[in-house]
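Written out below as structure tokens is the structure these notes cover.
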Amino acid sequence: MKKRVSYIFVGLTLLSVSLLASCGQKKHKGGRTDTYSSGVISFASDESFSPIIEEERQIFETIYNQAKVKPIYTNESDGINMLLKNKVCLVITARDYKKSELKNLRDRTFMPKALKIAYDGLALIVNKSNLDTCITVKDIARILTGKVAQWNQIHPGSKNGQITLVFDNRKSSAVHFAEDSILGGKPIASPNVFATQKTADVISYVEKTPGAIGIIGSNWLNDSRDTTNLTFNKNIRLMSVSRKDKATPMNSWKPYQYYIYNGNYPLIRTVYALLNDPINGLPWGFAHFLASPKGQMIILKSGLLPVQGNITIRDVNVSE
């Protein structure tokens with residue numbers, strides 16, 4: 001028997017932006033010699049965005065062969081602290097500057113900037129043996145606070161046992177999102193919540209642990225062979241998330257681009273390039289490349305939703 005499934009694809013007509021421009025090389029205060037499109041710099045990035053940043057970096061360095069941008073993959077908190085301490089001039093993260101951070105930099109006569117570059121769906125993954133794949137935002141909050149510790153408290157009759165929820169890093173953007181956006185500013189209190197060191201460890205743990213829930217950036221899930229971004233890692237299951245009091249397949253959503261675009265998916269975060277570059281050198285050049293047509297197309301193909309561009313929606317019927 002054939003089942004009719006309707007998938008919705010996101011097309012992108014990119015907006016025109018200024019091309020990268022090079023300028024004459026000269027030595028600036030502090031010893032820097034990089035320009036807008038040449039030289040060598042290091043920048044920080046939340047590790048959860050490393051797949052997309054690696055793609056962007058490779059293309060950027062191919063186009064601008066006199067430029068070398070070296071990512072330092074770390075957690076959100078440490079990355080922003082590196083920026084505040086002038087150890088890097090660019091950090092890729094999932095939040096804007098705080099008012100106190102802006103004041104700190106401006107009081108030191110800096111002019112920090114924040115560029116929105118993408119929208120990301122924070123994904124919940126479970127073991128492939130787990131068929132309990134619908135969950136509400138309220139249930140996620142109950143797990144984080146310790147009010148829920150067993151799968152049968154969410155899905156009566158479930159035999160999956162204890163819920164173990166795992167993050168990529170205790171200071172990551174995912175933890176910040178959970179505390180700020182899901183718990184309303186309260187700390188995570190459950191003893192059944194812990195963090196690994198990186199996203200790959202979360203996926204590996206969930207693959208081996210039937211009762212686990214992993215929280216990761218959705219750009220880690222896509223099968224690169226599928227240009228529709230509708231096929232995910234087959235060794236795990238992706239949960240559907242609902243804003244309603246009771247989650248059903250009809251009111252729950254996965255972090256597909258269209259459901260991020262129309263707001264159906266509840267766990268959406270904005271990806272920023274935070275800059276503090278007084279000479280407008282290579283950190284500016286790479287950040288603006290991320291927001292350029294080429295950079296935004298790479299973001300589209302990664303499964304994230306680009307910030308720039310006019311969105312075109314197409315309905316495609318697929319027979320299963």
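By order in the structure tokens, chains are A, B, ...; within a chain, residues start at 1; ligands start at 1, following the order shown.
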
Could you give me, as a tab-separated table (two decimals) with all heavy atoms, in the first residue's frame, the residues within 12 Å of Gln162 in chain A, counting only C-alpha atoms and dropping anything in the same chain fewer than 2 positions from it?
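Output contents, as saved in around.tsv:
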chain	number	residue	atom	x	y	z
A	143	ILE	N	11.93	17.41	32.41
A	143	ILE	CA	13.13	16.56	32.47
A	143	ILE	C	14.31	17.37	32.99
A	143	ILE	O	15.07	16.91	33.85
A	143	ILE	CB	13.44	15.99	31.07
A	143	ILE	CG1	12.34	15.01	30.63
A	143	ILE	CG2	14.78	15.27	31.07
A	143	ILE	CD1	12.43	14.62	29.17
A	146	GLY	N	14.14	17.87	36.69
A	146	GLY	CA	14.12	16.66	37.50
A	146	GLY	C	12.74	16.19	37.90
A	146	GLY	O	12.60	15.20	38.63
A	148	VAL	N	10.58	14.92	35.93
A	148	VAL	CA	10.36	13.69	35.16
A	148	VAL	C	11.71	12.98	35.02
A	148	VAL	O	12.70	13.60	34.62
A	148	VAL	CB	9.77	14.00	33.77
A	148	VAL	CG1	9.90	12.80	32.85
A	148	VAL	CG2	8.31	14.40	33.89
A	149	ALA	N	11.72	11.68	35.36
A	149	ALA	CA	12.96	10.91	35.28
A	149	ALA	C	12.80	9.61	34.51
A	149	ALA	O	13.80	8.98	34.17
A	149	ALA	CB	13.48	10.60	36.69
A	150	GLN	N	11.55	9.21	34.22
A	150	GLN	CA	11.28	7.94	33.54
A	150	GLN	C	10.46	8.18	32.27
A	150	GLN	O	9.62	9.08	32.23
A	150	GLN	CB	10.50	6.99	34.46
A	150	GLN	CG	11.21	6.65	35.77
A	150	GLN	CD	12.40	5.74	35.56
A	150	GLN	OE1	12.39	4.87	34.68
A	150	GLN	NE2	13.45	5.92	36.38
A	151	TRP	N	10.71	7.37	31.25
A	151	TRP	CA	9.98	7.51	30.00
A	151	TRP	C	8.48	7.29	30.17
A	151	TRP	O	7.68	7.93	29.49
A	151	TRP	CB	10.54	6.53	28.96
A	151	TRP	CG	11.76	7.05	28.27
A	151	TRP	CD1	13.05	6.76	28.56
A	151	TRP	CD2	11.80	7.99	27.19
A	151	TRP	NE1	13.91	7.45	27.74
A	151	TRP	CE2	13.17	8.21	26.88
A	151	TRP	CE3	10.83	8.66	26.46
A	151	TRP	CZ2	13.58	9.07	25.87
A	151	TRP	CZ3	11.23	9.52	25.45
A	151	TRP	CH2	12.59	9.72	25.16
A	152	ASN	N	8.08	6.41	31.09
A	152	ASN	CA	6.64	6.16	31.24
A	152	ASN	C	5.90	7.32	31.90
A	152	ASN	O	4.68	7.33	31.95
A	152	ASN	CB	6.39	4.85	31.99
A	152	ASN	CG	6.99	4.82	33.38
A	152	ASN	OD1	7.33	5.86	33.95
A	152	ASN	ND2	7.13	3.62	33.93
A	153	GLN	N	6.63	8.30	32.42
A	153	GLN	CA	5.99	9.51	32.92
A	153	GLN	C	5.57	10.44	31.78
A	153	GLN	O	4.74	11.33	31.96
A	153	GLN	CB	6.93	10.26	33.87
A	153	GLN	CG	7.22	9.53	35.17
A	153	GLN	CD	8.22	10.27	36.03
A	153	GLN	OE1	9.43	10.04	35.93
A	153	GLN	NE2	7.74	11.18	36.86
A	154	ILE	N	6.18	10.24	30.63
A	154	ILE	CA	5.82	11.01	29.43
A	154	ILE	C	4.93	10.18	28.51
A	154	ILE	O	3.92	10.66	28.00
A	154	ILE	CB	7.09	11.45	28.66
A	154	ILE	CG1	7.95	12.36	29.53
A	154	ILE	CG2	6.72	12.16	27.36
A	154	ILE	CD1	9.26	12.74	28.88
A	158	SER	N	5.57	3.00	28.35
A	158	SER	CA	6.90	2.91	27.75
A	158	SER	C	7.81	2.02	28.60
A	158	SER	O	7.77	2.06	29.83
A	158	SER	CB	7.53	4.30	27.64
A	158	SER	OG	8.88	4.21	27.21
A	159	LYS	N	8.62	1.23	27.95
A	159	LYS	CA	9.56	0.34	28.62
A	159	LYS	C	11.01	0.81	28.48
A	159	LYS	O	11.95	0.05	28.69
A	159	LYS	CB	9.41	-1.08	28.07
A	159	LYS	CG	8.02	-1.67	28.23
A	159	LYS	CD	7.97	-3.11	27.76
A	159	LYS	CE	6.54	-3.65	27.82
A	159	LYS	NZ	5.98	-3.62	29.18
A	160	ASN	N	11.19	2.08	28.14
A	160	ASN	CA	12.54	2.60	27.91
A	160	ASN	C	13.29	2.97	29.19
A	160	ASN	O	14.46	3.31	29.14
A	160	ASN	CB	12.49	3.82	26.98
A	160	ASN	CG	12.19	3.43	25.55
A	160	ASN	OD1	12.79	2.50	25.02
A	160	ASN	ND2	11.25	4.12	24.92
A	164	THR	N	17.96	9.72	30.37
A	164	THR	CA	19.25	10.41	30.54
A	164	THR	C	19.37	11.44	29.43
A	164	THR	O	19.32	11.08	28.25
A	164	THR	CB	20.42	9.43	30.46
A	164	THR	OG1	20.26	8.41	31.44
A	164	THR	CG2	21.73	10.15	30.71
A	165	LEU	N	19.49	12.70	29.81
A	165	LEU	CA	19.56	13.77	28.82
A	165	LEU	C	21.00	14.27	28.75
A	165	LEU	O	21.61	14.58	29.78
A	165	LEU	CB	18.61	14.90	29.18
A	165	LEU	CG	18.30	15.92	28.09
A	165	LEU	CD1	16.90	16.49	28.26
A	165	LEU	CD2	19.31	17.05	28.10
A	191	PRO	N	19.51	15.47	38.20
A	191	PRO	CA	20.75	14.69	38.30
A	191	PRO	C	20.96	13.77	37.11
A	191	PRO	O	22.04	13.18	36.95
A	191	PRO	CB	20.54	13.87	39.59
A	191	PRO	CG	19.05	13.74	39.71
A	191	PRO	CD	18.49	15.03	39.18
A	192	ASN	N	19.94	13.63	36.26
A	192	ASN	CA	20.02	12.76	35.10
A	192	ASN	C	20.42	13.51	33.83
A	192	ASN	O	20.28	13.00	32.72
A	192	ASN	CB	18.69	12.03	34.86
A	192	ASN	CG	18.34	11.09	35.99
A	192	ASN	OD1	19.23	10.56	36.66
A	192	ASN	ND2	17.07	10.88	36.22
A	193	VAL	N	20.89	14.74	33.98
A	193	VAL	CA	21.37	15.55	32.86
A	193	VAL	C	22.87	15.73	33.01
A	193	VAL	O	23.36	16.10	34.07
A	193	VAL	CB	20.68	16.93	32.83
A	193	VAL	CG1	21.26	17.80	31.72
A	193	VAL	CG2	19.17	16.77	32.62
A	209	THR	N	22.77	4.03	23.96
A	209	THR	CA	21.97	4.10	25.19
A	209	THR	C	20.49	4.23	24.87
A	209	THR	O	20.02	5.29	24.46
A	209	THR	CB	22.43	5.31	26.04
A	209	THR	OG1	23.85	5.30	26.16
A	209	THR	CG2	21.80	5.27	27.42
A	210	PRO	N	19.70	3.16	25.06
A	210	PRO	CA	18.28	3.17	24.66
A	210	PRO	C	17.44	4.26	25.32
A	210	PRO	O	16.52	4.79	24.70
A	210	PRO	CB	17.79	1.78	25.10
A	210	PRO	CG	19.01	0.93	25.06
A	210	PRO	CD	20.13	1.82	25.50
A	211	GLY	N	17.75	4.65	26.56
A	211	GLY	CA	16.91	5.64	27.25
A	211	GLY	C	17.37	7.07	27.12
A	211	GLY	O	16.79	7.97	27.74
A	212	ALA	N	18.41	7.32	26.33
A	212	ALA	CA	19.01	8.65	26.27
A	212	ALA	C	18.28	9.60	25.32
A	212	ALA	O	17.67	9.19	24.34
A	212	ALA	CB	20.47	8.54	25.84
A	213	ILE	N	18.36	10.89	25.64
A	213	ILE	CA	17.98	11.97	24.73
A	213	ILE	C	19.21	12.86	24.57
A	213	ILE	O	19.80	13.31	25.56
A	213	ILE	CB	16.82	12.82	25.27
A	213	ILE	CG1	15.56	11.99	25.48
A	213	ILE	CG2	16.53	13.99	24.32
A	213	ILE	CD1	14.42	12.78	26.11

Within 8 Å of Lys128 in chain A using only C-alpha atoms, minus same-chain residues under 2 positions, as a PyMOL selection string: chain A and resi 126+130-131+207+210+234-237

Calculated over only C-alpha atoms, which of the candidates A:Ala200, A:Ile279, A:Val307, A:Ala123 has the smallest distance to Pro266 in chain A? A:Ala123

Based on DSSP run over this structure's backbone, return all residues of range 9-229 of chain A in strand (DSSP E or B), as a PyMOL selection string. chain A and resi 9-13+35+38-46+67-74+90-93+113-127+134-136+150+162+164-167+193-195+212-217+222

Report as an NGL selection string: the residues of range 156-203 of chain A with a DSSP assignment of alpha helix (DSSP H), based on the backbone of this structure. :A and (173-177 or 199-203)

So that I can see what lies close to Lys198 in chain A, please list as a PyMOL selection string the residues with an atom at most 7 Å from it, counting only C-alpha atoms and leaving out residues fewer than 5 positions away in the same chain. chain A and resi 47+168-169

Determine, counting only C-alpha atoms, which protein, DNA and RNA residues have an atom within 12 Å of an atom of His288 in chain A; residues of the same chain fewer than 5 positions away are not included. Present the result as a PDB file with N, CA and C atoms, in the first residue's frame.
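Saved the output as result-v2.pdb:
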ATOM      1  N   VAL A  17      24.760  41.316  -2.248  1.00  0.00           N
ATOM      2  CA  VAL A  17      25.521  42.032  -1.236  1.00  0.00           C
ATOM      3  C   VAL A  17      26.854  42.428  -1.846  1.00  0.00           C
ATOM      4  N   SER A  18      27.551  43.283  -1.163  1.00  0.00           N
ATOM      5  CA  SER A  18      28.828  43.762  -1.691  1.00  0.00           C
ATOM      6  C   SER A  18      29.852  42.639  -1.752  1.00  0.00           C
ATOM      7  N   LEU A  19      30.675  42.666  -2.816  1.00  0.00           N
ATOM      8  CA  LEU A  19      31.751  41.685  -2.945  1.00  0.00           C
ATOM      9  C   LEU A  19      32.868  42.032  -1.983  1.00  0.00           C
ATOM     10  N   LEU A  20      33.604  40.977  -1.590  1.00  0.00           N
ATOM     11  CA  LEU A  20      34.771  41.219  -0.735  1.00  0.00           C
ATOM     12  C   LEU A  20      35.787  42.057  -1.501  1.00  0.00           C
ATOM     13  N   ALA A  21      36.358  43.005  -0.811  1.00  0.00           N
ATOM     14  CA  ALA A  21      37.365  43.863  -1.434  1.00  0.00           C
ATOM     15  C   ALA A  21      38.688  43.707  -0.700  1.00  0.00           C
ATOM     16  N   TYR A  36      41.235  42.643   4.538  1.00  0.00           N
ATOM     17  CA  TYR A  36      39.867  42.139   4.395  1.00  0.00           C
ATOM     18  C   TYR A  36      39.812  40.789   3.689  1.00  0.00           C
ATOM     19  N   SER A  37      40.814  40.481   2.853  1.00  0.00           N
ATOM     20  CA  SER A  37      40.769  39.238   2.077  1.00  0.00           C
ATOM     21  C   SER A  37      42.113  38.519   2.007  1.00  0.00           C
ATOM     22  N   GLU A  56      32.233  26.429   5.100  1.00  0.00           N
ATOM     23  CA  GLU A  56      32.415  27.845   4.773  1.00  0.00           C
ATOM     24  C   GLU A  56      33.904  28.188   4.671  1.00  0.00           C
ATOM     25  N   PHE A  60      35.816  29.637   1.346  1.00  0.00           N
ATOM     26  CA  PHE A  60      36.405  30.978   1.475  1.00  0.00           C
ATOM     27  C   PHE A  60      37.881  30.962   1.103  1.00  0.00           C
ATOM     28  N   LEU A  90      36.683  37.481  16.221  1.00  0.00           N
ATOM     29  CA  LEU A  90      35.443  36.947  15.669  1.00  0.00           C
ATOM     30  C   LEU A  90      35.076  35.679  16.412  1.00  0.00           C
ATOM     31  N   LYS A 113      30.341  44.540  16.652  1.00  0.00           N
ATOM     32  CA  LYS A 113      29.235  44.358  15.725  1.00  0.00           C
ATOM     33  C   LYS A 113      28.724  42.915  15.813  1.00  0.00           C
ATOM     34  N   ALA A 114      27.451  42.728  15.520  1.00  0.00           N
ATOM     35  CA  ALA A 114      26.844  41.395  15.487  1.00  0.00           C
ATOM     36  C   ALA A 114      26.124  41.216  14.154  1.00  0.00           C
ATOM     37  N   LEU A 115      26.465  40.159  13.412  1.00  0.00           N
ATOM     38  CA  LEU A 115      25.812  39.836  12.146  1.00  0.00           C
ATOM     39  C   LEU A 115      25.016  38.556  12.315  1.00  0.00           C
ATOM     40  N   LYS A 116      23.725  38.589  11.984  1.00  0.00           N
ATOM     41  CA  LYS A 116      22.939  37.363  11.945  1.00  0.00           C
ATOM     42  C   LYS A 116      23.289  36.611  10.662  1.00  0.00           C
ATOM     43  N   ILE A 117      23.590  35.323  10.782  1.00  0.00           N
ATOM     44  CA  ILE A 117      23.974  34.575   9.580  1.00  0.00           C
ATOM     45  C   ILE A 117      23.072  33.371   9.296  1.00  0.00           C
ATOM     46  N   TYR A 272      24.940  33.822  15.159  1.00  0.00           N
ATOM     47  CA  TYR A 272      25.548  35.141  14.985  1.00  0.00           C
ATOM     48  C   TYR A 272      27.042  35.030  14.697  1.00  0.00           C
ATOM     49  N   ALA A 273      27.541  35.998  13.953  1.00  0.00           N
ATOM     50  CA  ALA A 273      28.972  36.264  13.887  1.00  0.00           C
ATOM     51  C   ALA A 273      29.204  37.528  14.716  1.00  0.00           C
ATOM     52  N   LEU A 274      29.856  37.370  15.875  1.00  0.00           N
ATOM     53  CA  LEU A 274      30.151  38.507  16.747  1.00  0.00           C
ATOM     54  C   LEU A 274      31.555  39.007  16.433  1.00  0.00           C
ATOM     55  N   LEU A 275      31.665  40.287  16.129  1.00  0.00           N
ATOM     56  CA  LEU A 275      32.929  40.886  15.698  1.00  0.00           C
ATOM     57  C   LEU A 275      33.403  41.954  16.664  1.00  0.00           C
ATOM     58  N   ASN A 280      39.114  46.246  10.828  1.00  0.00           N
ATOM     59  CA  ASN A 280      38.265  45.750   9.734  1.00  0.00           C
ATOM     60  C   ASN A 280      39.054  44.856   8.771  1.00  0.00           C
ATOM     61  N   GLY A 281      39.762  43.909   9.339  1.00  0.00           N
ATOM     62  CA  GLY A 281      40.610  43.032   8.550  1.00  0.00           C
ATOM     63  C   GLY A 281      39.942  41.722   8.177  1.00  0.00           C
ATOM     64  N   LEU A 282      40.726  40.652   8.220  1.00  0.00           N
ATOM     65  CA  LEU A 282      40.239  39.358   7.752  1.00  0.00           C
ATOM     66  C   LEU A 282      39.050  38.812   8.549  1.00  0.00           C
ATOM     67  N   PRO A 283      38.941  39.048   9.876  1.00  0.00           N
ATOM     68  CA  PRO A 283      37.722  38.619  10.567  1.00  0.00           C
ATOM     69  C   PRO A 283      36.456  39.217   9.954  1.00  0.00           C
ATOM     70  N   PRO A 293      26.035  35.937  -0.755  1.00  0.00           N
ATOM     71  CA  PRO A 293      25.288  34.904  -1.482  1.00  0.00           C
ATOM     72  C   PRO A 293      25.941  33.529  -1.432  1.00  0.00           C
ATOM     73  N   LYS A 294      27.247  33.445  -1.616  1.00  0.00           N
ATOM     74  CA  LYS A 294      27.916  32.140  -1.571  1.00  0.00           C
ATOM     75  C   LYS A 294      27.842  31.531  -0.180  1.00  0.00           C
ATOM     76  N   GLY A 295      28.117  32.345   0.833  1.00  0.00           N
ATOM     77  CA  GLY A 295      28.066  31.848   2.201  1.00  0.00           C
ATOM     78  C   GLY A 295      26.684  31.409   2.610  1.00  0.00           C
ATOM     79  N   GLN A 296      25.673  32.154   2.194  1.00  0.00           N
ATOM     80  CA  GLN A 296      24.294  31.807   2.530  1.00  0.00           C
ATOM     81  C   GLN A 296      23.829  30.552   1.792  1.00  0.00           C
ATOM     82  N   GLN A 308      19.748  35.787   4.911  1.00  0.00           N
ATOM     83  CA  GLN A 308      19.583  36.617   3.723  1.00  0.00           C
ATOM     84  C   GLN A 308      18.805  35.861   2.650  1.00  0.00           C
TER      85      GLN A 308
END

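Residues in contact with Asn104 in chain A at up to 12 Å, not including ones fewer than 5 positions away on its chain and judged by only C-alpha atoms, are A:Asn81, A:Leu83, A:Leu84, A:Lys85, A:Asn86, A:Tyr97, A:Lys98, A:Lys99, A:Thr109, A:Phe110, A:Met111, A:Pro112, A:Asn276.
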
Output for the residues just chosen: N, CA and C atoms as an mmCIF file, in the first residue's frame:
data_model
loop_
_atom_site.group_PDB
_atom_site.id
_atom_site.type_symbol
_atom_site.label_atom_id
_atom_site.label_comp_id
_atom_site.auth_asym_id
_atom_site.auth_seq_id
_atom_site.Cartn_x
_atom_site.Cartn_y
_atom_site.Cartn_z
ATOM 1 N N ASN A 81 34.330 34.809 25.813
ATOM 2 C CA ASN A 81 35.369 35.342 26.702
ATOM 3 C C ASN A 81 36.667 35.616 25.945
ATOM 4 N N LEU A 83 36.826 36.610 22.895
ATOM 5 C CA LEU A 83 36.580 37.862 22.175
ATOM 6 C C LEU A 83 36.727 39.060 23.109
ATOM 7 N N LEU A 84 36.155 38.952 24.311
ATOM 8 C CA LEU A 84 36.212 40.055 25.266
ATOM 9 C C LEU A 84 37.636 40.344 25.729
ATOM 10 N N LYS A 85 38.478 39.304 25.723
ATOM 11 C CA LYS A 85 39.868 39.465 26.170
ATOM 12 C C LYS A 85 40.826 39.739 24.998
ATOM 13 N N ASN A 86 40.254 40.021 23.808
ATOM 14 C CA ASN A 86 41.051 40.372 22.618
ATOM 15 C C ASN A 86 41.950 39.243 22.127
ATOM 16 N N TYR A 97 25.423 39.770 21.637
ATOM 17 C CA TYR A 97 26.093 40.341 22.793
ATOM 18 C C TYR A 97 25.089 40.632 23.911
ATOM 19 N N LYS A 98 25.510 40.454 25.147
ATOM 20 C CA LYS A 98 24.747 40.964 26.280
ATOM 21 C C LYS A 98 25.053 42.455 26.434
ATOM 22 N N LYS A 99 24.148 43.180 27.100
ATOM 23 C CA LYS A 99 24.365 44.615 27.299
ATOM 24 C C LYS A 99 25.663 44.889 28.048
ATOM 25 N N THR A 109 36.714 51.736 24.031
ATOM 26 C CA THR A 109 36.727 52.418 22.716
ATOM 27 C C THR A 109 36.668 51.457 21.531
ATOM 28 N N PHE A 110 36.155 50.235 21.738
ATOM 29 C CA PHE A 110 35.914 49.320 20.629
ATOM 30 C C PHE A 110 34.527 49.571 20.047
ATOM 31 N N MET A 111 34.299 49.052 18.834
ATOM 32 C CA MET A 111 32.992 49.173 18.179
ATOM 33 C C MET A 111 32.519 47.772 17.761
ATOM 34 N N PRO A 112 32.033 46.970 18.712
ATOM 35 C CA PRO A 112 31.604 45.598 18.406
ATOM 36 C C PRO A 112 30.395 45.570 17.489
ATOM 37 N N ASN A 276 34.700 41.986 16.883
ATOM 38 C CA ASN A 276 35.349 43.096 17.581
ATOM 39 C C ASN A 276 36.710 43.293 16.917
#

7 Å contact set for range 173-187 of chain A, only C-alpha atoms, chain neighbours under 4 positions out, as a PyMOL selection string: chain A and resi 76+94+141+167+216

Using only C-alpha atoms, can you tell me which of A:Ser240, A:Ser302, A:Ser45, A:Ser292 comes closest to Leu221 in chain A? A:Ser302

Nearest to Tyr73 in chain A among A:Thr196, A:Ser50, A:Ser42, A:Ser252, with distances taken over only C-alpha atoms: which residue is it?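 Using only C-alpha atoms, Tyr73 in chain A sits closest to A:Ser50.
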